[in-house]
Each structure stands twice: as structure tokens, then as C-alpha cells.
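So this block is model_37.pdb, PDB, C-alpha atoms:
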MODEL        1
ATOM      1  CA  MET A  27      40.883  80.567 114.078
ATOM      2  CA  VAL A  28      42.976  77.411 113.766
ATOM      3  CA  PRO A  29      41.611  75.102 111.024
ATOM      4  CA  ALA A  30      40.804  71.563 112.092
ATOM      5  CA  ALA A  31      42.724  70.077 109.153
ATOM      6  CA  GLU A  32      45.960  71.673 110.336
ATOM      7  CA  ASP A  33      45.402  70.433 113.879
ATOM      8  CA  ALA A  34      45.009  66.881 112.638
ATOM      9  CA  LYS A  35      48.622  66.978 111.451
ATOM     10  CA  ALA A  36      49.830  68.142 114.850
ATOM     11  CA  VAL A  37      48.527  65.263 116.915
ATOM     12  CA  ALA A  38      50.191  61.947 117.594
ATOM     13  CA  VAL A  39      48.492  58.687 116.768
ATOM     14  CA  THR A  40      48.693  57.476 120.364
ATOM     15  CA  ARG A  41      45.689  58.011 122.605
ATOM     16  CA  ARG A  42      45.106  58.079 126.352
ATOM     17  CA  GLU A  43      41.530  57.628 127.545
ATOM     18  CA  GLY A  44      40.080  59.349 124.493
ATOM     19  CA  ILE A  45      42.782  62.020 124.419
ATOM     20  CA  LYS A  46      45.244  62.419 121.555
ATOM     21  CA  THR A  47      48.752  63.586 122.365
ATOM     22  CA  PRO A  48      50.115  66.575 120.396
ATOM     23  CA  LYS A  49      53.435  65.925 118.690
ATOM     24  CA  THR A  50      54.283  69.490 117.663
ATOM     25  CA  ALA A  51      54.639  72.790 119.494
ATOM     26  CA  ARG A  52      51.659  74.165 117.572
ATOM     27  CA  GLY A  53      49.564  71.183 118.565
ATOM     28  CA  GLN A  54      50.553  71.658 122.203
ATOM     29  CA  ARG A  55      49.547  75.325 122.000
ATOM     30  CA  THR A  56      46.131  74.409 120.594
ATOM     31  CA  LEU A  57      45.632  71.825 123.316
ATOM     32  CA  ARG A  58      46.536  74.467 125.914
ATOM     33  CA  LEU A  59      43.960  76.841 124.419
ATOM     34  CA  LEU A  60      41.281  74.152 124.606
ATOM     35  CA  LEU A  61      42.114  73.266 128.214
ATOM     36  CA  ASP A  62      42.096  76.916 129.312
ATOM     37  CA  ALA A  63      38.802  77.506 127.498
ATOM     38  CA  ALA A  64      37.354  74.356 129.058
ATOM     39  CA  ALA A  65      38.324  75.582 132.531
ATOM     40  CA  GLU A  66      36.357  78.770 131.908
ATOM     41  CA  GLU A  67      33.356  76.963 130.415
ATOM     42  CA  PHE A  68      33.126  74.204 133.011
ATOM     43  CA  GLY A  69      33.819  76.700 135.784
ATOM     44  CA  GLU A  70      30.952  78.939 134.667
ATOM     45  CA  LYS A  71      28.401  76.428 133.366
ATOM     46  CA  GLY A  72      29.220  73.158 135.077
ATOM     47  CA  PHE A  73      29.872  69.919 133.250
ATOM     48  CA  HIS A  74      26.342  69.149 132.073
ATOM     49  CA  GLU A  75      25.554  72.637 130.770
ATOM     50  CA  ALA A  76      28.959  73.184 129.179
ATOM     51  CA  ALA A  77      29.019  73.026 125.376
ATOM     52  CA  ILE A  78      31.823  71.921 123.095
ATOM     53  CA  SER A  79      30.874  74.676 120.643
ATOM     54  CA  ARG A  80      31.383  77.354 123.301
ATOM     55  CA  ILE A  81      34.676  75.809 124.406
ATOM     56  CA  THR A  82      36.070  75.927 120.865
ATOM     57  CA  ALA A  83      34.743  79.466 120.441
ATOM     58  CA  ARG A  84      36.486  80.560 123.623
ATOM     59  CA  ALA A  85      39.672  78.859 122.433
ATOM     60  CA  GLY A  86      39.451  80.428 118.984
ATOM     61  CA  VAL A  87      39.764  77.112 117.156
ATOM     62  CA  ALA A  88      37.528  75.318 114.675
ATOM     63  CA  ILE A  89      35.000  72.972 116.271
ATOM     64  CA  GLY A  90      36.507  70.111 114.277
ATOM     65  CA  SER A  91      39.751  70.689 116.153
ATOM     66  CA  PHE A  92      38.086  69.536 119.341
ATOM     67  CA  TYR A  93      37.719  66.015 117.977
ATOM     68  CA  THR A  94      41.298  66.098 116.780
ATOM     69  CA  TYR A  95      42.324  66.200 120.437
ATOM     70  CA  PHE A  96      39.429  64.659 122.354
ATOM     71  CA  ASP A  97      36.870  61.927 121.698
ATOM     72  CA  SER A  98      34.216  63.504 123.911
ATOM     73  CA  LYS A  99      33.363  66.186 126.445
ATOM     74  CA  GLU A 100      33.992  63.587 129.156
ATOM     75  CA  ALA A 101      37.512  62.972 127.833
ATOM     76  CA  LEU A 102      38.220  66.706 127.899
ATOM     77  CA  PHE A 103      36.930  66.987 131.462
ATOM     78  CA  THR A 104      39.111  64.080 132.571
ATOM     79  CA  GLU A 105      42.176  65.690 131.028
ATOM     80  CA  LEU A 106      41.283  69.049 132.564
ATOM     81  CA  VAL A 107      41.156  67.575 136.074
ATOM     82  CA  ARG A 108      44.568  66.010 135.496
ATOM     83  CA  ASP A 109      45.846  69.317 134.118
ATOM     84  CA  LEU A 110      44.587  71.318 137.102
ATOM     85  CA  THR A 111      46.345  68.919 139.472
ATOM     86  CA  THR A 112      49.563  69.549 137.563
ATOM     87  CA  GLN A 113      48.984  73.305 137.528
ATOM     88  CA  VAL A 114      48.635  73.406 141.318
ATOM     89  CA  ARG A 115      51.847  71.397 141.727
ATOM     90  CA  ASP A 116      53.769  73.572 139.270
ATOM     91  CA  PHE A 117      52.490  76.786 140.862
ATOM     92  CA  VAL A 118      53.295  75.791 144.431
ATOM     93  CA  ALA A 119      56.649  74.033 143.972
ATOM     94  CA  PRO A 120      58.732  77.106 142.999
ATOM     95  CA  ARG A 121      57.323  78.991 145.981
ATOM     96  CA  LEU A 122      58.779  76.353 148.300
ATOM     97  CA  SER A 123      62.200  76.261 146.707
ATOM     98  CA  GLY A 124      64.976  77.400 149.010
ATOM     99  CA  ILE A 125      62.911  77.191 152.222
ATOM    100  CA  ASP A 126      64.793  74.974 154.653
ATOM    101  CA  ASP A 127      62.417  74.700 157.615
ATOM    102  CA  GLY A 128      59.609  72.125 157.412
ATOM    103  CA  ILE A 129      57.006  74.258 159.159
ATOM    104  CA  ALA A 130      57.858  77.303 157.063
ATOM    105  CA  VAL A 131      57.482  75.165 153.931
ATOM    106  CA  GLU A 132      53.920  74.188 154.846
ATOM    107  CA  ILE A 133      52.969  77.788 155.618
ATOM    108  CA  ALA A 134      54.443  78.906 152.297
ATOM    109  CA  GLY A 135      52.595  76.088 150.550
ATOM    110  CA  GLN A 136      49.359  77.245 152.099
ATOM    111  CA  ALA A 137      49.974  80.823 150.945
ATOM    112  CA  ALA A 138      50.794  79.591 147.442
ATOM    113  CA  PHE A 139      47.594  77.559 147.242
ATOM    114  CA  LEU A 140      45.535  80.559 148.380
ATOM    115  CA  ASP A 141      47.107  82.625 145.610
ATOM    116  CA  PHE A 142      46.331  79.876 143.095
ATOM    117  CA  ALA A 143      42.722  79.581 144.273
ATOM    118  CA  ARG A 144      42.224  83.328 143.898
ATOM    119  CA  ALA A 145      43.552  83.232 140.345
ATOM    120  CA  HIS A 146      41.711  80.020 139.399
ATOM    121  CA  LYS A 147      38.398  80.096 141.248
ATOM    122  CA  GLU A 148      36.936  77.666 138.726
ATOM    123  CA  ILE A 149      39.028  74.824 140.157
ATOM    124  CA  TYR A 150      36.573  74.294 143.010
ATOM    125  CA  ARG A 151      33.530  73.688 140.823
ATOM    126  CA  ILE A 152      35.508  71.508 138.433
ATOM    127  CA  ILE A 153      37.103  69.330 141.114
ATOM    128  CA  ASP A 154      33.814  69.023 143.013
ATOM    129  CA  GLU A 155      31.998  67.869 139.866
ATOM    130  CA  SER A 156      34.768  65.440 139.038
ATOM    131  CA  GLU A 157      33.666  63.308 141.998
ATOM    132  CA  PHE A 158      30.686  62.302 139.842
ATOM    133  CA  VAL A 159      31.962  62.830 136.280
ATOM    134  CA  ASP A 160      35.460  61.417 136.771
ATOM    135  CA  PRO A 161      35.684  59.626 140.136
ATOM    136  CA  ALA A 162      39.151  58.227 139.414
ATOM    137  CA  GLY A 163      40.461  61.686 138.580
ATOM    138  CA  TYR A 164      38.821  63.151 141.674
ATOM    139  CA  ARG A 165      40.519  60.603 143.895
ATOM    140  CA  ALA A 166      43.853  60.972 142.099
ATOM    141  CA  HIS A 167      43.763  64.765 142.500
ATOM    142  CA  TYR A 168      43.695  64.523 146.274
ATOM    143  CA  MET A 169      45.883  61.440 146.565
ATOM    144  CA  ARG A 170      48.677  63.060 144.549
ATOM    145  CA  THR A 171      48.462  66.274 146.531
ATOM    146  CA  ALA A 172      48.487  64.418 149.859
ATOM    147  CA  ASP A 173      51.432  62.310 148.690
ATOM    148  CA  ARG A 174      53.501  65.429 147.978
ATOM    149  CA  ILE A 175      52.743  66.851 151.433
ATOM    150  CA  THR A 176      53.427  63.480 153.057
ATOM    151  CA  ARG A 177      56.880  63.289 151.496
ATOM    152  CA  ARG A 178      57.677  66.823 152.661
ATOM    153  CA  LEU A 179      56.595  66.032 156.209
ATOM    154  CA  GLU A 180      58.571  62.794 156.304
ATOM    155  CA  ALA A 181      61.690  64.648 155.194
ATOM    156  CA  ALA A 182      61.094  67.412 157.758
ATOM    157  CA  ALA A 183      60.666  64.827 160.529
ATOM    158  CA  GLU A 184      63.892  63.093 159.523
ATOM    159  CA  ARG A 185      65.692  66.438 159.771
ATOM    160  CA  GLY A 186      64.201  67.025 163.224
ATOM    161  CA  GLU A 187      62.234  70.097 162.133
ATOM    162  CA  ILE A 188      58.849  68.735 163.213
ATOM    163  CA  SER A 189      57.772  66.257 165.868
ATOM    164  CA  PRO A 190      57.358  62.550 165.087
ATOM    165  CA  GLY A 191      53.918  61.463 163.938
ATOM    166  CA  SER A 192      51.999  59.999 161.013
ATOM    167  CA  ALA A 193      53.021  62.060 157.999
ATOM    168  CA  GLU A 194      50.057  60.766 156.001
ATOM    169  CA  ILE A 195      47.441  61.750 158.587
ATOM    170  CA  ARG A 196      49.060  65.140 159.024
ATOM    171  CA  ALA A 197      49.194  65.608 155.248
ATOM    172  CA  TRP A 198      45.467  65.036 154.853
ATOM    173  CA  ALA A 199      44.754  67.396 157.763
ATOM    174  CA  LEU A 200      46.898  70.120 156.223
ATOM    175  CA  MET A 201      45.340  69.568 152.810
ATOM    176  CA  GLY A 202      41.855  69.829 154.292
ATOM    177  CA  MET A 203      42.849  73.106 155.901
ATOM    178  CA  ASN A 204      44.223  74.420 152.618
ATOM    179  CA  VAL A 205      41.175  73.396 150.601
ATOM    180  CA  PHE A 206      38.676  75.119 152.864
ATOM    181  CA  LEU A 207      40.819  78.184 153.395
ATOM    182  CA  GLY A 208      41.023  78.479 149.624
ATOM    183  CA  LEU A 209      37.246  78.225 149.401
ATOM    184  CA  ARG A 210      36.536  80.822 152.102
ATOM    185  CA  PHE A 211      39.390  83.274 151.514
ATOM    186  CA  GLY A 212      40.052  82.603 147.847
ATOM    187  CA  VAL A 213      36.797  81.812 146.065
ATOM    188  CA  TRP A 214      34.066  83.251 148.254
ATOM    189  CA  SER A 215      36.002  86.359 149.249
ATOM    190  CA  ASP A 216      39.504  87.710 149.012
ATOM    191  CA  GLU A 217      39.148  90.751 151.244
ATOM    192  CA  LEU A 218      41.916  89.574 153.562
ATOM    193  CA  ALA A 219      45.521  89.599 152.433
ATOM    194  CA  VAL A 220      46.989  86.122 152.115
ATOM    195  CA  GLU A 221      49.551  87.082 154.761
ATOM    196  CA  GLU A 222      46.766  87.855 157.245
ATOM    197  CA  VAL A 223      45.274  84.415 156.740
ATOM    198  CA  THR A 224      48.555  82.523 156.968
ATOM    199  CA  ALA A 225      49.644  84.474 160.054
ATOM    200  CA  VAL A 226      46.774  82.804 161.897
ATOM    201  CA  THR A 227      46.948  79.410 160.230
ATOM    202  CA  GLY A 228      50.735  79.361 160.399
ATOM    203  CA  ASP A 229      50.529  79.679 164.161
ATOM    204  CA  LEU A 230      48.038  76.811 164.160
ATOM    205  CA  ILE A 231      50.378  74.664 162.071
ATOM    206  CA  ALA A 232      53.369  75.462 164.255
ATOM    207  CA  ASN A 233      51.768  75.406 167.711
ATOM    208  CA  GLY A 234      48.374  73.708 167.540
ATOM    209  CA  LEU A 235      45.400  74.863 169.595
ATOM    210  CA  ALA A 236      46.783  74.320 173.091
ATOM    211  CA  PRO A 237      47.448  77.447 175.203
ATOM    212  CA  LYS A 238      51.056  78.586 175.024
ATOM    213  CA  GLY A 239      53.175  77.013 177.744
ATOM    214  CA  ARG A 240      50.610  74.357 178.582
ATOM    215  CA  GLY A 241      52.127  70.978 179.325
ATOM    216  CA  ALA A 242      51.041  67.712 177.760
TER     217      ALA A 242
ENDMDL
END

Is it possible to express this structure as C-alpha cells?
Amino acid sequence: MVPAAEDAKAVAVTRREGIKTPKTARGQRTLRLLLDAAAEEFGEKGFHEAAISRITARAGVAIGSFYTYFDSKEALFTELVRDLTTQVRDFVAPRLSGIDDGIAVEIAGQAAFLDFARAHKEIYRIIDESEFVDPAGYRAHYMRTADRITRRLEAAAERGEISPGSAEIRAWALMGMNVFLGLRFGVWSDELAVEEVTAVTGDLIANGLAPKGRGA
């Protein structure tokens, strides 16, 4: 177990919304342990039933270490929402690297998110609760995700890979599809292979719902 006194030396003086920033590699590792433990605790218990003592126990650090990094349970939750947003981005981005076609990129992004949801089922409970615990973080989570998709769609349209249209509206539609597919085929059940899901949804992304060959 990491002593709290040692953690105090590993944290910068600067704060962000009740969160202290680690200044050493060891401090960053401890922070990572706390965030991962918090994801488990909040995912299982929910925000109100989650306990700081159980989070530190899961992380294997002294309870005093918690207050070296965070001012409160609320501050930890806020940072966790921000961290999960970053985790999704960092998980998906490499899976899109090297794909040239705009439609193929969105299908690959959907598959990547399904994989992430299956590995991190707790994200749904945490993000849903953040609407009430951390409304700004809840909004930022979706706004940042939609912004990334919007930029991809704008670039694809400029290259002539997709038809003209509002990239922002399309981005929110695609994100809504991804979120609920992740819930149904990632969190609630994962009996179908990701490829089976995206074979159907990929056709929807590429061709819409109109019968094949039907004119406008």
C-alpha cells in the first residue's frame, strides 16, 4: 500500500476543480490506480453509494492518499468523467489510423466503440449519473465526441467520399447510434460478434433505409 505521506510529495501545488496534478511518474501511477478503482466502484455502486474507503482499498493506497489528489468524492467523479472521455478517444483513434474512406472510418469507429463498451461496461452508469452529479462534464463528454465525428465528416465531404450535408447533425445521429448499440450489444449482451453488428449498421451508414435502387 502506498503511504499518503509519500504521495504528498508527488503532487504539484496547482489544482483544477479540487484535483491536484501529479508531478512525478509515481504520482501519475497512483492517480491512475485511483481513477481505475473509482471506475469500478462508481460502476458497481453508483455515485451516492460509492465510498472513498472502498476506492482506496481497491486502488491499494492509503486513504490519506485520496485527499492528496482530490478534495472530495465529487472532484474524483468529475475527473473520472473527463478521463473516460479521453480513454474513449485514445482507444478509438488508433483503430481509425490508415483508413482512407470516410464511410469506412465511421464503421470502424463504431466497431471500436463497441469493443470499448464491452471492456468498460461501467462507462454507461458513470456517464448517465454525471448528468446530475457533473452536468458540465456530461455535456462536455458528448460535445467533444460529436466534435471529433463532425471534423471527420467535414473532411470526408471535402474529399468527396460522402454526400454534402450538415456534418454536425450527422455526427450527433451517428453518435446516438453508437451509444445505443454499445448499450444493447456491449453492456446488456455481447452474444453477437462486433462484425455482425457493424455489418448491419455499416450498411445503414453507407446506404440509409431506402430500398436499393430507389430514386429520390

Residues matched by the PyMOL selection byres ((chain A and resi 190-206) around 6) as a ChimeraX atom specification: /A:136,172,175-176,179-180,189,207-209

Interatomic distance (Å, one decimal) between atom CA of A:Ala232 and atom CA of A:Ala130: 8.7 Å

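For the choices A:Lys99, A:Leu218, A:Thr224, A:Thr111, the atom-to-atom distance to A:Arg80 is smallest for A:Lys99 when using all atoms listed in the file.
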
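Atom pair atom CA of A:Ile78 / atom CA of A:Asp62: separated by 13.0 Å.
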
Proximity to A:Thr227 - best of A:Val213, A:Ile89, A:Ile133, A:Ala183, all atoms listed in the file: A:Ile133

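Distance annotation: of A:Glu100, A:Lys46, A:Phe92, A:Val226, the residue with the minimal separation from A:Asp160 is A:Glu100; atom set is all atoms listed in the file.
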
Within 7 Å of file point (45.7, 66.0, 138.1), counting all atoms listed in the file, expressed as a PyMOL selection string: chain A and resi 107-112+163+166-167

Which residue of A:Ile149, A:Leu60, A:Ile45, A:Leu122 approaches A:Gly72 most closely, using only C-alpha atoms: A:Ile149

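With atom CA of A:Lys71 on one side and atom CA of A:Glu148 on the other, the separation reads 10.2 Å.
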
Residue with smallest distance to A:Leu230 - pool A:Glu132, A:Ser98, A:Leu140, A:Ile152, counting only C-alpha atoms: A:Glu132

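Environment of (39.0, 81.7, 118.3): residues at most 12 Å away, judged by only C-alpha atoms, are A:Met27, A:Val28, A:Pro29, A:Thr56, A:Leu59, A:Leu60, A:Ala63, A:Ser79, A:Arg80, A:Ile81, A:Thr82, A:Ala83, A:Arg84, A:Ala85, A:Gly86, A:Val87, A:Ala88, A:Ile89, A:Ser91.
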
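Distances here use all atoms listed in the file; by that measure, the residue among A:Phe96, A:Phe73, A:Phe158, A:Tyr168 closest to A:Val114 is A:Tyr168.
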
Residues in the PyMOL selection byres ((chain A and resi 118) around 9), expressed as JSON, numbers by chain: {"A": [113, 114, 115, 116, 117, 119, 120, 121, 122, 134, 135, 136, 137, 138, 139, 142]}

Could you write stretch 170-194 of chain A as a JSON list (two decimals), in the coordinates of the input, with N, CA, C and O atoms rebuilt where they are missing?
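Saved file rebuild_27.json follows:
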[["chain", "number", "residue", "atom", "x", "y", "z"],
["A", 170, "ARG", "N", 47.38, 62.54, 144.99],
["A", 170, "ARG", "CA", 48.68, 63.06, 144.55],
["A", 170, "ARG", "C", 49.10, 64.26, 145.39],
["A", 170, "ARG", "O", 50.27, 64.40, 145.74],
["A", 171, "THR", "N", 48.14, 65.11, 145.70],
["A", 171, "THR", "CA", 48.46, 66.27, 146.53],
["A", 171, "THR", "C", 48.89, 65.83, 147.93],
["A", 171, "THR", "O", 49.91, 66.31, 148.46],
["A", 172, "ALA", "N", 48.14, 64.91, 148.52],
["A", 172, "ALA", "CA", 48.49, 64.42, 149.86],
["A", 172, "ALA", "C", 49.84, 63.72, 149.85],
["A", 172, "ALA", "O", 50.61, 63.83, 150.82],
["A", 173, "ASP", "N", 50.15, 63.01, 148.78],
["A", 173, "ASP", "CA", 51.43, 62.31, 148.69],
["A", 173, "ASP", "C", 52.59, 63.30, 148.69],
["A", 173, "ASP", "O", 53.62, 63.06, 149.34],
["A", 174, "ARG", "N", 52.43, 64.42, 147.98],
["A", 174, "ARG", "CA", 53.50, 65.43, 147.98],
["A", 174, "ARG", "C", 53.71, 66.01, 149.38],
["A", 174, "ARG", "O", 54.86, 66.17, 149.82],
["A", 175, "ILE", "N", 52.62, 66.31, 150.08],
["A", 175, "ILE", "CA", 52.74, 66.85, 151.43],
["A", 175, "ILE", "C", 53.34, 65.80, 152.37],
["A", 175, "ILE", "O", 54.19, 66.11, 153.22],
["A", 176, "THR", "N", 52.90, 64.56, 152.22],
["A", 176, "THR", "CA", 53.43, 63.48, 153.06],
["A", 176, "THR", "C", 54.94, 63.37, 152.93],
["A", 176, "THR", "O", 55.66, 63.26, 153.94],
["A", 177, "ARG", "N", 55.43, 63.40, 151.70],
["A", 177, "ARG", "CA", 56.88, 63.29, 151.50],
["A", 177, "ARG", "C", 57.62, 64.46, 152.12],
["A", 177, "ARG", "O", 58.70, 64.29, 152.69],
["A", 178, "ARG", "N", 57.03, 65.66, 152.03],
["A", 178, "ARG", "CA", 57.68, 66.82, 152.66],
["A", 178, "ARG", "C", 57.74, 66.66, 154.17],
["A", 178, "ARG", "O", 58.75, 66.96, 154.80],
["A", 179, "LEU", "N", 56.64, 66.19, 154.76],
["A", 179, "LEU", "CA", 56.60, 66.03, 156.21],
["A", 179, "LEU", "C", 57.54, 64.93, 156.68],
["A", 179, "LEU", "O", 58.19, 65.06, 157.72],
["A", 180, "GLU", "N", 57.63, 63.87, 155.94],
["A", 180, "GLU", "CA", 58.57, 62.79, 156.30],
["A", 180, "GLU", "C", 60.00, 63.31, 156.29],
["A", 180, "GLU", "O", 60.79, 63.01, 157.21],
["A", 181, "ALA", "N", 60.34, 64.10, 155.27],
["A", 181, "ALA", "CA", 61.69, 64.65, 155.19],
["A", 181, "ALA", "C", 61.95, 65.62, 156.34],
["A", 181, "ALA", "O", 63.04, 65.63, 156.93],
["A", 182, "ALA", "N", 60.93, 66.45, 156.67],
["A", 182, "ALA", "CA", 61.09, 67.41, 157.76],
["A", 182, "ALA", "C", 61.27, 66.69, 159.09],
["A", 182, "ALA", "O", 62.06, 67.12, 159.94],
["A", 183, "ALA", "N", 60.53, 65.60, 159.28],
["A", 183, "ALA", "CA", 60.67, 64.83, 160.53],
["A", 183, "ALA", "C", 62.05, 64.20, 160.63],
["A", 183, "ALA", "O", 62.66, 64.18, 161.71],
["A", 184, "GLU", "N", 62.55, 63.70, 159.53],
["A", 184, "GLU", "CA", 63.89, 63.09, 159.52],
["A", 184, "GLU", "C", 64.96, 64.13, 159.87],
["A", 184, "GLU", "O", 65.97, 63.80, 160.50],
["A", 185, "ARG", "N", 64.73, 65.36, 159.46],
["A", 185, "ARG", "CA", 65.69, 66.44, 159.77],
["A", 185, "ARG", "C", 65.49, 67.00, 161.17],
["A", 185, "ARG", "O", 66.23, 67.89, 161.61],
["A", 186, "GLY", "N", 64.46, 66.55, 161.87],
["A", 186, "GLY", "CA", 64.20, 67.03, 163.22],
["A", 186, "GLY", "C", 63.50, 68.36, 163.28],
["A", 186, "GLY", "O", 63.49, 69.01, 164.32],
["A", 187, "GLU", "N", 62.88, 68.78, 162.18],
["A", 187, "GLU", "CA", 62.23, 70.10, 162.13],
["A", 187, "GLU", "C", 60.80, 70.07, 162.64],
["A", 187, "GLU", "O", 60.24, 71.12, 162.98],
["A", 188, "ILE", "N", 60.19, 68.89, 162.66],
["A", 188, "ILE", "CA", 58.85, 68.74, 163.21],
["A", 188, "ILE", "C", 58.85, 67.49, 164.11],
["A", 188, "ILE", "O", 59.75, 66.65, 164.01],
["A", 189, "SER", "N", 57.84, 67.39, 164.95],
["A", 189, "SER", "CA", 57.77, 66.26, 165.87],
["A", 189, "SER", "C", 57.42, 64.97, 165.12],
["A", 189, "SER", "O", 56.84, 65.02, 164.03],
["A", 190, "PRO", "N", 57.74, 63.83, 165.71],
["A", 190, "PRO", "CA", 57.36, 62.55, 165.09],
["A", 190, "PRO", "C", 55.84, 62.42, 165.04],
["A", 190, "PRO", "O", 55.12, 62.98, 165.86],
["A", 191, "GLY", "N", 55.35, 61.67, 164.07],
["A", 191, "GLY", "CA", 53.92, 61.46, 163.94],
["A", 191, "GLY", "C", 53.60, 60.99, 162.54],
["A", 191, "GLY", "O", 54.46, 61.05, 161.65],
["A", 192, "SER", "N", 52.40, 60.51, 162.33],
["A", 192, "SER", "CA", 52.00, 60.00, 161.01],
["A", 192, "SER", "C", 52.01, 61.12, 159.98],
["A", 192, "SER", "O", 51.17, 62.04, 160.03],
["A", 193, "ALA", "N", 52.93, 61.03, 159.04],
["A", 193, "ALA", "CA", 53.02, 62.06, 158.00],
["A", 193, "ALA", "C", 51.78, 62.04, 157.11],
["A", 193, "ALA", "O", 51.31, 63.09, 156.67],
["A", 194, "GLU", "N", 51.23, 60.85, 156.87],
["A", 194, "GLU", "CA", 50.06, 60.77, 156.00],
["A", 194, "GLU", "C", 48.84, 61.43, 156.64],
["A", 194, "GLU", "O", 48.14, 62.21, 155.98]]
